file work-v2.pdb (PDB, C-alpha atoms)
ATOM      1  CA  MET Z 210       0.000   0.000   0.000
ATOM      2  CA  VAL Z 211       1.431   3.394  -1.002
ATOM      3  CA  ASP Z 212       1.304   6.174   1.577
ATOM      4  CA  HIS Z 213      -0.602   9.253   0.603
ATOM      5  CA  PRO Z 214       1.835  12.229   0.247
ATOM      6  CA  ARG Z 215      -0.129  14.164   2.856
ATOM      7  CA  ASP Z 216       0.144  11.281   5.336
ATOM      8  CA  VAL Z 217       3.918  11.157   4.777
ATOM      9  CA  ALA Z 218       4.176  14.922   5.372
ATOM     10  CA  VAL Z 219       2.152  14.690   8.572
ATOM     11  CA  GLY Z 220       4.259  11.784   9.784
ATOM     12  CA  ARG Z 221       7.436  13.796   9.304
ATOM     13  CA  SER Z 222       6.105  16.938  10.938
ATOM     14  CA  ASP Z 223       7.751  18.203  14.109
ATOM     15  CA  PHE Z 224       4.669  19.475  15.902
ATOM     16  CA  ALA Z 225       6.593  20.674  18.952
ATOM     17  CA  ALA Z 226       8.964  22.726  16.782
ATOM     18  CA  SER Z 227       5.990  24.331  15.034
ATOM     19  CA  GLY Z 228       4.430  25.137  18.377
ATOM     20  CA  ARG Z 229       7.640  26.686  19.704
ATOM     21  CA  ARG Z 230       7.947  28.810  16.569
ATOM     22  CA  VAL Z 231       4.425  30.138  17.107
ATOM     23  CA  PHE Z 232       5.262  31.077  20.680
ATOM     24  CA  ALA Z 233       8.460  32.811  19.562
ATOM     25  CA  VAL Z 234       6.646  34.841  16.896
ATOM     26  CA  GLU Z 235       3.843  35.833  19.250
ATOM     27  CA  VAL Z 236       6.237  36.777  22.067
ATOM     28  CA  GLU Z 237       8.148  38.968  19.603
ATOM     29  CA  GLY Z 238       4.869  40.604  18.630
ATOM     30  CA  LEU Z 239       3.972  41.275  22.264
ATOM     31  CA  HIS Z 240       7.371  42.847  22.908
ATOM     32  CA  ALA Z 241       6.900  45.112  19.891
ATOM     33  CA  VAL Z 242       3.473  46.294  21.060
ATOM     34  CA  ALA Z 243       4.601  46.750  24.674
ATOM     35  CA  ALA Z 244       7.487  48.961  23.526
ATOM     36  CA  ARG Z 245       4.980  51.335  21.905
ATOM     37  CA  LEU Z 246       2.779  51.858  24.973
ATOM     38  CA  ASP Z 247       2.916  55.612  25.417
ATOM     39  CA  GLY Z 248       0.730  58.654  25.738
ATOM     40  CA  GLU Z 249      -1.994  57.185  23.531
ATOM     41  CA  PHE Z 250      -2.434  54.289  25.948
ATOM     42  CA  SER Z 251      -2.635  56.737  28.858
ATOM     43  CA  ALA Z 252      -5.125  58.836  26.888
ATOM     44  CA  ALA Z 253      -7.294  55.771  26.270
ATOM     45  CA  CYS Z 254      -7.320  54.961  29.988
ATOM     46  CA  ALA Z 255      -8.176  58.572  30.851
ATOM     47  CA  ARG Z 256     -11.069  58.613  28.350
ATOM     48  CA  ILE Z 257     -12.515  55.450  29.854
ATOM     49  CA  LEU Z 258     -12.091  56.657  33.443
ATOM     50  CA  GLU Z 259     -13.911  59.879  32.573
ATOM     51  CA  CYS Z 260     -16.697  57.971  30.812
ATOM     52  CA  ARG Z 261     -20.133  58.419  32.416
ATOM     53  CA  GLY Z 262     -21.525  55.461  30.485
ATOM     54  CA  ARG Z 263     -20.009  52.173  29.396
ATOM     55  CA  VAL Z 264     -17.271  50.952  27.094
ATOM     56  CA  VAL Z 265     -18.840  49.563  23.922
ATOM     57  CA  CYS Z 266     -16.484  47.059  22.292
ATOM     58  CA  MET Z 267     -16.914  46.066  18.662
ATOM     59  CA  GLY Z 268     -15.099  44.182  15.925
ATOM     60  CA  MET Z 269     -15.736  41.834  13.018
ATOM     61  CA  GLY Z 270     -14.527  38.264  12.585
ATOM     62  CA  LYS Z 271     -11.616  37.326  14.861
ATOM     63  CA  SER Z 272     -11.470  40.926  16.064
ATOM     64  CA  GLY Z 273     -15.080  40.512  17.151
ATOM     65  CA  HIS Z 274     -14.188  37.494  19.286
ATOM     66  CA  VAL Z 275     -11.357  39.475  20.857
ATOM     67  CA  ALA Z 276     -13.670  42.464  21.432
ATOM     68  CA  ARG Z 277     -16.117  40.194  23.286
ATOM     69  CA  LYS Z 278     -13.302  38.980  25.503
ATOM     70  CA  ILE Z 279     -12.100  42.508  26.225
ATOM     71  CA  ALA Z 280     -15.639  43.618  27.117
ATOM     72  CA  ALA Z 281     -15.987  40.679  29.506
ATOM     73  CA  THR Z 282     -12.616  41.393  31.144
ATOM     74  CA  LEU Z 283     -13.387  45.093  31.550
ATOM     75  CA  ALA Z 284     -16.828  44.373  33.024
ATOM     76  CA  SER Z 285     -15.468  41.890  35.555
ATOM     77  CA  THR Z 286     -12.734  44.269  36.732
ATOM     78  CA  GLY Z 287     -14.788  47.353  37.482
ATOM     79  CA  THR Z 288     -15.271  48.996  34.074
ATOM     80  CA  PRO Z 289     -18.853  48.574  32.779
ATOM     81  CA  ALA Z 290     -18.603  47.276  29.217
ATOM     82  CA  PHE Z 291     -20.459  45.222  26.627
ATOM     83  CA  TYR Z 292     -20.055  44.019  23.062
ATOM     84  CA  VAL Z 293     -22.037  45.190  20.043
ATOM     85  CA  HIS Z 294     -21.776  43.415  16.695
ATOM     86  CA  PRO Z 295     -21.018  46.117  14.080
ATOM     87  CA  GLY Z 296     -23.192  44.462  11.433
ATOM     88  CA  GLU Z 297     -26.179  44.283  13.790
ATOM     89  CA  ALA Z 298     -25.496  47.849  14.933
ATOM     90  CA  GLY Z 299     -26.186  49.044  11.406
ATOM     91  CA  HIS Z 300     -29.595  47.383  11.593
ATOM     92  CA  GLY Z 301     -30.885  48.799  14.866
ATOM     93  CA  ASP Z 302     -28.481  47.757  17.622
ATOM     94  CA  LEU Z 303     -26.819  51.160  17.384
ATOM     95  CA  GLY Z 304     -29.627  52.243  19.687
ATOM     96  CA  MET Z 305     -27.855  50.364  22.472
ATOM     97  CA  ILE Z 306     -25.078  52.970  22.404
ATOM     98  CA  THR Z 307     -25.768  56.227  24.287
ATOM     99  CA  ASP Z 308     -23.920  59.531  23.985
ATOM    100  CA  ALA Z 309     -22.290  58.842  27.364
ATOM    101  CA  ASP Z 310     -20.492  55.710  26.100
ATOM    102  CA  VAL Z 311     -16.930  55.275  24.856
ATOM    103  CA  VAL Z 312     -16.540  53.062  21.779
ATOM    104  CA  LEU Z 313     -13.558  50.715  21.569
ATOM    105  CA  ALA Z 314     -13.352  49.454  17.974
ATOM    106  CA  LEU Z 315     -11.007  46.663  16.857
ATOM    107  CA  SER Z 316      -9.815  46.030  13.306
ATOM    108  CA  TYR Z 317      -6.250  45.034  12.438
ATOM    109  CA  SER Z 318      -6.513  46.552   8.969
ATOM    110  CA  GLY Z 319      -8.408  49.545  10.304
ATOM    111  CA  GLU Z 320     -10.667  49.322   7.257
ATOM    112  CA  SER Z 321     -13.568  47.178   8.481
ATOM    113  CA  ASP Z 322     -16.528  48.326   6.377
ATOM    114  CA  GLU Z 323     -19.078  47.473   9.036
ATOM    115  CA  ILE Z 324     -17.313  49.731  11.561
ATOM    116  CA  LEU Z 325     -16.502  52.527   9.096
ATOM    117  CA  MET Z 326     -20.198  52.737   8.244
ATOM    118  CA  LEU Z 327     -20.957  53.506  11.907
ATOM    119  CA  LEU Z 328     -18.322  56.208  12.439
ATOM    120  CA  PRO Z 329     -20.346  59.183  11.150
ATOM    121  CA  VAL Z 330     -23.272  58.277  13.400
ATOM    122  CA  LEU Z 331     -21.030  57.773  16.433
ATOM    123  CA  LYS Z 332     -19.215  61.050  15.769
ATOM    124  CA  ARG Z 333     -22.500  62.907  15.386
ATOM    125  CA  GLN Z 334     -23.722  61.407  18.655
ATOM    126  CA  GLY Z 335     -20.572  62.605  20.402
ATOM    127  CA  ASN Z 336     -19.065  59.240  21.335
ATOM    128  CA  ALA Z 337     -15.350  59.153  22.030
ATOM    129  CA  LEU Z 338     -13.721  56.565  19.732
ATOM    130  CA  ILE Z 339     -10.729  54.462  20.724
ATOM    131  CA  ALA Z 340      -9.465  52.466  17.749
ATOM    132  CA  MET Z 341      -7.237  49.420  18.127
ATOM    133  CA  THR Z 342      -5.614  48.700  14.746
ATOM    134  CA  GLY Z 343      -2.391  47.504  13.150
ATOM    135  CA  ARG Z 344      -2.144  50.481  10.754
ATOM    136  CA  ALA Z 345      -1.663  53.968  12.126
ATOM    137  CA  THR Z 346      -2.604  55.464   8.742
ATOM    138  CA  SER Z 347      -5.836  53.490   8.369
ATOM    139  CA  THR Z 348      -9.241  55.153   8.135
ATOM    140  CA  MET Z 349     -10.246  53.994  11.623
ATOM    141  CA  ALA Z 350      -6.962  55.109  13.177
ATOM    142  CA  THR Z 351      -7.107  58.619  11.698
ATOM    143  CA  ALA Z 352     -10.785  59.042  12.589
ATOM    144  CA  ALA Z 353     -10.299  57.943  16.203
ATOM    145  CA  ASP Z 354      -9.852  60.214  19.192
ATOM    146  CA  VAL Z 355      -7.249  57.756  20.492
ATOM    147  CA  HIS Z 356      -5.368  55.123  18.485
ATOM    148  CA  LEU Z 357      -3.806  52.028  20.071
ATOM    149  CA  ASP Z 358      -1.201  50.542  17.715
ATOM    150  CA  ILE Z 359      -1.245  46.737  17.899
ATOM    151  CA  SER Z 360       0.856  46.090  14.778
ATOM    152  CA  VAL Z 361       3.141  43.047  15.003
ATOM    153  CA  PRO Z 362       6.259  42.196  12.949
ATOM    154  CA  ALA Z 363       4.660  38.987  11.633
ATOM    155  CA  GLU Z 364       1.751  36.634  12.063
ATOM    156  CA  ALA Z 365       2.548  33.199  13.458
ATOM    157  CA  CYS Z 366       0.592  31.688  10.565
ATOM    158  CA  PRO Z 367       3.226  30.756   7.924
ATOM    159  CA  LEU Z 368       0.783  31.830   5.200
ATOM    160  CA  ALA Z 369       0.399  35.241   6.895
ATOM    161  CA  LEU Z 370      -3.352  34.796   6.508
ATOM    162  CA  ALA Z 371      -4.837  33.627   9.817
ATOM    163  CA  PRO Z 372      -4.813  36.306  12.552
ATOM    164  CA  THR Z 373      -2.546  34.846  15.230
ATOM    165  CA  ALA Z 374       0.134  37.151  16.662
ATOM    166  CA  SER Z 375      -2.122  40.136  15.946
ATOM    167  CA  THR Z 376      -5.072  38.729  17.896
ATOM    168  CA  THR Z 377      -2.750  37.824  20.772
ATOM    169  CA  ALA Z 378      -1.507  41.418  20.774
ATOM    170  CA  SER Z 379      -5.100  42.685  20.751
ATOM    171  CA  ILE Z 380      -6.022  40.526  23.737
ATOM    172  CA  ALA Z 381      -2.905  41.679  25.598
ATOM    173  CA  MET Z 382      -3.751  45.323  24.874
ATOM    174  CA  GLY Z 383      -7.260  44.756  26.219
ATOM    175  CA  ASP Z 384      -5.839  43.127  29.333
ATOM    176  CA  ALA Z 385      -3.430  46.050  29.773
ATOM    177  CA  LEU Z 386      -6.335  48.497  29.617
ATOM    178  CA  ALA Z 387      -8.392  46.467  32.091
ATOM    179  CA  VAL Z 388      -5.574  46.120  34.627
ATOM    180  CA  ALA Z 389      -4.480  49.760  34.364
ATOM    181  CA  LEU Z 390      -8.086  50.842  34.935
ATOM    182  CA  LEU Z 391      -8.516  48.322  37.758
ATOM    183  CA  GLU Z 392      -5.517  49.794  39.545
ATOM    184  CA  ALA Z 393      -6.649  53.375  38.915
ATOM    185  CA  ARG Z 394     -10.081  52.607  40.396
ATOM    186  CA  GLY Z 395      -8.641  50.869  43.456
ATOM    187  CA  PHE Z 396     -10.612  47.759  42.505
ATOM    188  CA  THR Z 397     -10.196  45.032  45.158
ATOM    189  CA  ALA Z 398     -10.546  41.268  45.370
ATOM    190  CA  ASP Z 399     -13.858  41.789  47.193
ATOM    191  CA  ASP Z 400     -15.098  43.941  44.304
ATOM    192  CA  PHE Z 401     -14.084  41.186  41.893
ATOM    193  CA  ALA Z 402     -15.880  38.559  43.953
ATOM    194  CA  ARG Z 403     -19.098  40.589  43.933
ATOM    195  CA  SER Z 404     -19.227  40.273  40.151
ATOM    196  CA  HIS Z 405     -18.439  36.526  40.385
ATOM    197  CA  PRO Z 406     -20.807  35.314  43.137
ATOM    198  CA  ALA Z 407     -21.430  31.936  41.511
ATOM    199  CA  GLY Z 408     -17.788  31.005  41.088
ATOM    200  CA  ALA Z 409     -15.280  29.457  43.452
ATOM    201  CA  LEU Z 410     -13.599  32.817  43.919
ATOM    202  CA  GLY Z 411     -16.891  34.398  44.947
ATOM    203  CA  ARG Z 412     -17.476  31.718  47.543
ATOM    204  CA  ARG Z 413     -13.956  32.164  48.893
ATOM    205  CA  LEU Z 414     -14.163  35.936  49.135
ATOM    206  CA  LEU Z 415     -17.803  36.552  49.996
ATOM    207  CA  LEU Z 416     -18.822  33.685  52.279
ATOM    208  CA  HIS Z 417     -18.379  34.425  55.981
ATOM    209  CA  ILE Z 418     -18.373  32.103  58.970
ATOM    210  CA  ARG Z 419     -21.836  33.316  60.011
ATOM    211  CA  ASP Z 420     -23.168  32.098  56.642
ATOM    212  CA  VAL Z 421     -22.169  28.473  57.250
ATOM    213  CA  MET Z 422     -21.927  27.978  61.019
ATOM    214  CA  HIS Z 423     -24.433  26.317  63.330
ATOM    215  CA  GLY Z 424     -26.010  28.814  65.721
ATOM    216  CA  GLY Z 425     -28.635  29.111  68.429
ATOM    217  CA  GLY Z 426     -30.013  25.810  69.656
ATOM    218  CA  GLU Z 427     -27.772  23.863  67.266
ATOM    219  CA  ILE Z 428     -24.645  24.739  69.260
ATOM    220  CA  PRO Z 429     -23.548  21.853  71.524
ATOM    221  CA  ALA Z 430     -22.634  23.451  74.848
ATOM    222  CA  VAL Z 431     -22.224  22.420  78.477
ATOM    223  CA  SER Z 432     -20.990  24.119  81.643
ATOM    224  CA  ALA Z 433     -17.666  23.333  83.289
ATOM    225  CA  GLU Z 434     -19.533  21.591  86.119
ATOM    226  CA  ALA Z 435     -21.126  19.078  83.730
ATOM    227  CA  SER Z 436     -20.111  15.440  83.877
ATOM    228  CA  LEU Z 437     -18.393  13.756  80.978
ATOM    229  CA  ALA Z 438     -21.561  11.694  80.516
ATOM    230  CA  ASP Z 439     -23.640  14.861  80.163
ATOM    231  CA  ALA Z 440     -21.173  16.249  77.632
ATOM    232  CA  LEU Z 441     -21.348  13.040  75.574
ATOM    233  CA  LEU Z 442     -25.141  13.199  75.643
ATOM    234  CA  GLU Z 443     -25.009  16.810  74.332
ATOM    235  CA  MET Z 444     -22.578  15.778  71.593
ATOM    236  CA  SER Z 445     -24.904  12.951  70.560
ATOM    237  CA  ARG Z 446     -27.934  15.247  70.426
ATOM    238  CA  LYS Z 447     -26.273  17.992  68.368
ATOM    239  CA  ARG Z 448     -24.227  15.598  66.169
ATOM    240  CA  LEU Z 449     -21.344  17.944  65.412
ATOM    241  CA  GLY Z 450     -18.638  15.736  66.893
ATOM    242  CA  MET Z 451     -17.869  18.287  69.598
ATOM    243  CA  THR Z 452     -19.199  20.345  72.463
ATOM    244  CA  VAL Z 453     -18.037  23.704  73.728
ATOM    245  CA  VAL Z 454     -17.617  24.279  77.435
ATOM    246  CA  VAL Z 455     -18.799  27.687  78.609
ATOM    247  CA  ASP Z 456     -19.093  29.748  81.774
ATOM    248  CA  ASP Z 457     -22.268  31.432  83.026
ATOM    249  CA  ALA Z 458     -21.833  34.269  80.496
ATOM    250  CA  ARG Z 459     -21.388  31.732  77.651
ATOM    251  CA  ARG Z 460     -17.729  32.646  77.315
ATOM    252  CA  LEU Z 461     -15.651  29.862  75.835
ATOM    253  CA  ILE Z 462     -13.439  28.082  78.343
ATOM    254  CA  GLY Z 463     -12.985  24.676  76.736
ATOM    255  CA  LEU Z 464     -13.722  22.230  73.937
ATOM    256  CA  TYR Z 465     -14.300  18.492  73.860
ATOM    257  CA  THR Z 466     -14.343  16.528  70.606
ATOM    258  CA  ASP Z 467     -14.711  12.996  69.291
ATOM    259  CA  GLY Z 468     -10.916  12.850  69.152
ATOM    260  CA  ASP Z 469     -10.721  13.798  72.807
ATOM    261  CA  LEU Z 470     -13.195  11.023  73.610
ATOM    262  CA  ARG Z 471     -10.985   8.409  71.932
ATOM    263  CA  ARG Z 472      -8.012   9.622  73.929
ATOM    264  CA  THR Z 473     -10.080   9.608  77.117
ATOM    265  CA  LEU Z 474     -11.204   6.022  76.619
ATOM    266  CA  THR Z 475      -7.627   4.829  76.167
ATOM    267  CA  ASP Z 476      -6.295   6.667  79.241
ATOM    268  CA  PRO Z 477      -6.359   4.271  82.223
ATOM    269  CA  ALA Z 478      -5.920   7.171  84.636
ATOM    270  CA  ILE Z 479      -9.354   8.600  83.790
ATOM    271  CA  ASP Z 480     -12.502   7.288  85.487
ATOM    272  CA  VAL Z 481     -14.909   7.771  82.592
ATOM    273  CA  ARG Z 482     -18.026   7.195  84.701
ATOM    274  CA  ASN Z 483     -17.204   9.878  87.261
ATOM    275  CA  ALA Z 484     -15.071  12.340  85.291
ATOM    276  CA  ARG Z 485     -16.138  15.946  84.891
ATOM    277  CA  ILE Z 486     -15.846  17.625  81.509
ATOM    278  CA  ALA Z 487     -13.512  20.213  83.070
ATOM    279  CA  ASP Z 488     -11.029  17.407  83.787
ATOM    280  CA  VAL Z 489     -10.753  16.186  80.180
ATOM    281  CA  MET Z 490     -11.559  19.185  77.958
ATOM    282  CA  THR Z 491      -9.047  21.189  75.950
ATOM    283  CA  ARG Z 492      -8.740  24.532  77.699
ATOM    284  CA  ASP Z 493      -8.668  27.859  75.813
ATOM    285  CA  PRO Z 494      -9.200  26.175  72.451
ATOM    286  CA  ILE Z 495      -8.659  27.793  69.058
ATOM    287  CA  ALA Z 496     -11.739  29.729  67.964
ATOM    288  CA  ILE Z 497     -12.766  32.000  65.109
ATOM    289  CA  ALA Z 498     -14.914  35.109  64.744
ATOM    290  CA  ALA Z 499     -18.284  35.017  62.994
ATOM    291  CA  ASP Z 500     -17.330  37.848  60.631
ATOM    292  CA  ALA Z 501     -14.200  36.063  59.416
ATOM    293  CA  LEU Z 502     -14.231  34.605  55.912
ATOM    294  CA  ALA Z 503     -15.117  30.935  55.648
ATOM    295  CA  VAL Z 504     -11.881  30.370  53.744
ATOM    296  CA  GLU Z 505      -9.990  31.564  56.838
ATOM    297  CA  ALA Z 506     -11.599  28.752  58.837
ATOM    298  CA  ALA Z 507     -10.533  26.255  56.171
ATOM    299  CA  ARG Z 508      -6.976  27.581  56.293
ATOM    300  CA  LEU Z 509      -6.922  27.481  60.100
ATOM    301  CA  MET Z 510      -8.242  23.913  60.199
ATOM    302  CA  GLU Z 511      -5.634  22.783  57.691
ATOM    303  CA  THR Z 512      -2.777  24.519  59.502
ATOM    304  CA  ARG Z 513      -3.739  23.267  62.968
ATOM    305  CA  LYS Z 514      -4.821  19.810  61.761
ATOM    306  CA  ILE Z 515      -8.289  20.155  63.283
ATOM    307  CA  THR Z 516     -11.761  19.593  61.860
ATOM    308  CA  MET Z 517     -13.983  21.801  64.030
ATOM    309  CA  LEU Z 518     -14.017  25.286  65.504
ATOM    310  CA  PRO Z 519     -16.054  27.206  68.065
ATOM    311  CA  VAL Z 520     -17.247  30.581  66.765
ATOM    312  CA  VAL Z 521     -16.992  33.482  69.218
ATOM    313  CA  ASP Z 522     -17.688  37.219  69.443
ATOM    314  CA  ALA Z 523     -15.276  39.951  70.559
ATOM    315  CA  ASP Z 524     -15.821  38.983  74.240
ATOM    316  CA  ARG Z 525     -15.176  35.305  73.434
ATOM    317  CA  ARG Z 526     -18.832  34.413  73.969
ATOM    318  CA  VAL Z 527     -19.820  31.393  71.888
ATOM    319  CA  VAL Z 528     -22.136  32.340  68.998
ATOM    320  CA  GLY Z 529     -21.694  29.326  66.756
ATOM    321  CA  ALA Z 530     -20.012  26.041  65.949
ATOM    322  CA  LEU Z 531     -18.368  24.957  62.715
ATOM    323  CA  ASN Z 532     -16.896  21.736  61.386
ATOM    324  CA  VAL Z 533     -15.155  20.820  58.173
ATOM    325  CA  GLN Z 534     -18.320  19.220  56.767
ATOM    326  CA  ASP Z 535     -19.988  22.636  56.833
ATOM    327  CA  LEU Z 536     -17.148  24.034  54.707
ATOM    328  CA  LEU Z 537     -17.384  21.099  52.313
ATOM    329  CA  ARG Z 538     -21.136  21.594  51.871
ATOM    330  CA  ALA Z 539     -20.525  25.275  51.148
ATOM    331  CA  ARG Z 540     -17.802  24.236  48.644
ATOM    332  CA  VAL Z 541     -15.241  26.409  50.360
ATOM    333  CA  VAL Z 542     -12.817  23.467  50.390
TER     334      VAL Z 542
END
call {"tool": "encode", "arguments": {"input": "work-v2.pdb", "output": "structure tokens"}}
result
Amino acid sequence: MVDHPRDVAVGRSDFAASGRRVFAVEVEGLHAVAARLDGEFSAACARILECRGRVVCMGMGKSGHVARKIAATLASTGTPAFYVHPGEAGHGDLGMITDADVVLALSYSGESDEILMLLPVLKRQGNALIAMTGRATSTMATAADVHLDISVPAEACPLALAPTASTTASIAMGDALAVALLEARGFTADDFARSHPAGALGRRLLLHIRDVMHGGGEIPAVSAEASLADALLEMSRKRLGMTVVVDDARRLIGLYTDGDLRRTLTDPAIDVRNARIADVMTRDPIAIAADALAVEAARLMETRKITMLPVVDADRRVVGALNVQDLLRARVV
């Protein structure tokens, strides 16, 4: 059987070498764009910071995909933004853009017909235009209030047809804008979490101990005068694998856990039937505040090799109880 020429070519291909070449070309492109970051980049950031509306990102083809990504990154880092398809804008979606918005238009050639068609309307409406192109002399670049030059020495595609290094440069420029604006706004991790409440990051940064702890009548608690038998009965009723030991003001003075019970049963010096909880509890145990983040409890449990924590207020009064299963159910760990 004779091998097909294409099969022979594929068999001889060095895929890893091709991949490394792509990385080298794209890294070179990124260095070239980074070296040109200057006053125009600062002007673009200033325009967006001054914007009373939103950043409207648009582009056709691959530039459209990049524009969607930039809009999403801006929106999630404190800069309200959305994507509008230029073709649809010419058929009614232009009404989504108000005179308070800044338009960020992407086109490597700078000659995208669908975007050029919109420029007179946007100019008449008073929208500031930031153009991201690879040609400083293009129609879009010269018409823009601010031009971001994303030209690269070469595309990674050996045919110089598929946008590769240029789209990478566009994405990097969008990320640079988003991060510079994030820093200028003083955007914090908590701010980020508020726009990502359904994700793991949101749970880690927004969920507090009070949201997952057991409180009120669910807290297993006994006094220091209680017998070990009474403490075990309380642990069985509340089924948290522990009981706190409190004084008359419900201040935490001790903790007794399932692990402590195993150690108690194997200690011949302890009379289990007649022992008081004060004789076998762990005194001044580790505790956590209700307003602490749930992720802090997970970190504390991991560091101290424990699986449960009393929750206390500023006066060390017990207000809750927490075990590792509560954190697992909340998907904090």
call {"tool": "resolve_selection", "arguments": {"input": "work-v2.pdb", "expression": "the PyMOL selection byres ((chain Z and resi 321-324) around 12)", "output": "PyMOL selection string"}}
result
chain Z and resi 266-273+293-300+303+312-320+325-331+338+340-342+347-350+352-353
call {"tool": "closest_residue", "arguments": {"input": "work-v2.pdb", "among": "Z:Leu536, Z:Ala496, Z:Ala507, Z:Ile339", "to": "Asp522 (chain Z)", "atoms": "only C-alpha atoms"}}
result
Z:Ala496
call {"tool": "atom_distance", "arguments": {"input": "work-v2.pdb", "atom1": "CA of Glu443 (chain Z)", "atom2": "CA of Pro429 (chain Z)"}}
result
6.0 Å
call {"tool": "resolve_selection", "arguments": {"input": "work-v2.pdb", "expression": "the PyMOL selection byres ((chain Z and resi 444) around 10)", "output": "list in words"}}
result
Ile428, Pro429, Ala430, Val431, Ala438, Asp439, Ala440, Leu441, Leu442, Glu443, Ser445, Arg446, Lys447, Arg448, Leu449, Gly450, Met451, Thr452, Val453, Tyr465, Thr466 and Asp467 of chain Z
call {"tool": "residues_around", "arguments": {"input": "work-v2.pdb", "residues": "Val264 (chain Z)", "least_positions_apart": "4", "cutoff": "9 Å", "atoms": "all atoms listed in the file", "output": "PyMOL selection string"}}
result
chain Z and resi 257+260+280+283-284+288-292+310-313
call {"tool": "residues_around", "arguments": {"input": "work-v2.pdb", "residues": "Asp524 (chain Z)", "least_positions_apart": "6", "cutoff": "12 Å", "atoms": "only C-alpha atoms", "output": "ChimeraX atom specification"}}
result
/Z:458-462,496-498
call {"tool": "atom_distance", "arguments": {"input": "work-v2.pdb", "atom1": "CA of Asn483 (chain Z)", "atom2": "CA of Gly426 (chain Z)"}}
result
27.0 Å
call {"tool": "closest_residue", "arguments": {"input": "work-v2.pdb", "among": "Z:Ile418, Z:Leu474, Z:Ala487, Z:Val361", "to": "Gly529 (chain Z)", "atoms": "all atoms listed in the file"}}
result
Z:Ile418
call {"tool": "residues_around", "arguments": {"input": "work-v2.pdb", "residues": "Glu392 (chain Z)", "least_positions_apart": "4", "cutoff": "12 Å", "atoms": "all atoms listed in the file", "output": "number ranges by chain"}}
result
Z: 254, 258, 286-288, 385-388, 396-398
call {"tool": "write_last_selection", "arguments": {"input": "work-v2.pdb", "atoms": "C-alpha atoms", "output": "PDB file, in the frame of the given file"}}
result
ATOM      1  CA  CYS Z 254      -7.320  54.961  29.988  1.00  0.00           C
ATOM      2  CA  LEU Z 258     -12.091  56.657  33.443  1.00  0.00           C
ATOM      3  CA  THR Z 286     -12.734  44.269  36.732  1.00  0.00           C
ATOM      4  CA  GLY Z 287     -14.788  47.353  37.482  1.00  0.00           C
ATOM      5  CA  THR Z 288     -15.271  48.996  34.074  1.00  0.00           C
ATOM      6  CA  ALA Z 385      -3.430  46.050  29.773  1.00  0.00           C
ATOM      7  CA  LEU Z 386      -6.335  48.497  29.617  1.00  0.00           C
ATOM      8  CA  ALA Z 387      -8.392  46.467  32.091  1.00  0.00           C
ATOM      9  CA  VAL Z 388      -5.574  46.120  34.627  1.00  0.00           C
ATOM     10  CA  PHE Z 396     -10.612  47.759  42.505  1.00  0.00           C
ATOM     11  CA  THR Z 397     -10.196  45.032  45.158  1.00  0.00           C
ATOM     12  CA  ALA Z 398     -10.546  41.268  45.370  1.00  0.00           C
TER      13      ALA Z 398
END
call {"tool": "atom_distance", "arguments": {"input": "work-v2.pdb", "atom1": "CA of Leu531 (chain Z)", "atom2": "CA of Val489 (chain Z)"}}
result
21.0 Å
call {"tool": "closest_residue", "arguments": {"input": "work-v2.pdb", "among": "Z:Leu437, Z:Ala499, Z:Cys366, Z:Val454", "to": "Ile479 (chain Z)", "atoms": "all atoms listed in the file"}}
result
Z:Leu437
call {"tool": "residues_around", "arguments": {"input": "work-v2.pdb", "residues": "His240 (chain Z)", "least_positions_apart": "4", "cutoff": "12 Å", "atoms": "all atoms listed in the file", "output": "PDB file with C-alpha atoms, keeping the file's coordinate frame"}}
result
ATOM      1  CA  ALA Z 233       8.460  32.811  19.562  1.00  0.00           C
ATOM      2  CA  VAL Z 234       6.646  34.841  16.896  1.00  0.00           C
ATOM      3  CA  GLU Z 235       3.843  35.833  19.250  1.00  0.00           C
ATOM      4  CA  VAL Z 236       6.237  36.777  22.067  1.00  0.00           C
ATOM      5  CA  ALA Z 244       7.487  48.961  23.526  1.00  0.00           C
ATOM      6  CA  ARG Z 245       4.980  51.335  21.905  1.00  0.00           C
ATOM      7  CA  LEU Z 246       2.779  51.858  24.973  1.00  0.00           C
ATOM      8  CA  ILE Z 359      -1.245  46.737  17.899  1.00  0.00           C
ATOM      9  CA  SER Z 360       0.856  46.090  14.778  1.00  0.00           C
ATOM     10  CA  VAL Z 361       3.141  43.047  15.003  1.00  0.00           C
ATOM     11  CA  PRO Z 362       6.259  42.196  12.949  1.00  0.00           C
ATOM     12  CA  ALA Z 374       0.134  37.151  16.662  1.00  0.00           C
ATOM     13  CA  THR Z 377      -2.750  37.824  20.772  1.00  0.00           C
ATOM     14  CA  ALA Z 378      -1.507  41.418  20.774  1.00  0.00           C
ATOM     15  CA  ALA Z 381      -2.905  41.679  25.598  1.00  0.00           C
ATOM     16  CA  MET Z 382      -3.751  45.323  24.874  1.00  0.00           C
TER      17      MET Z 382
END
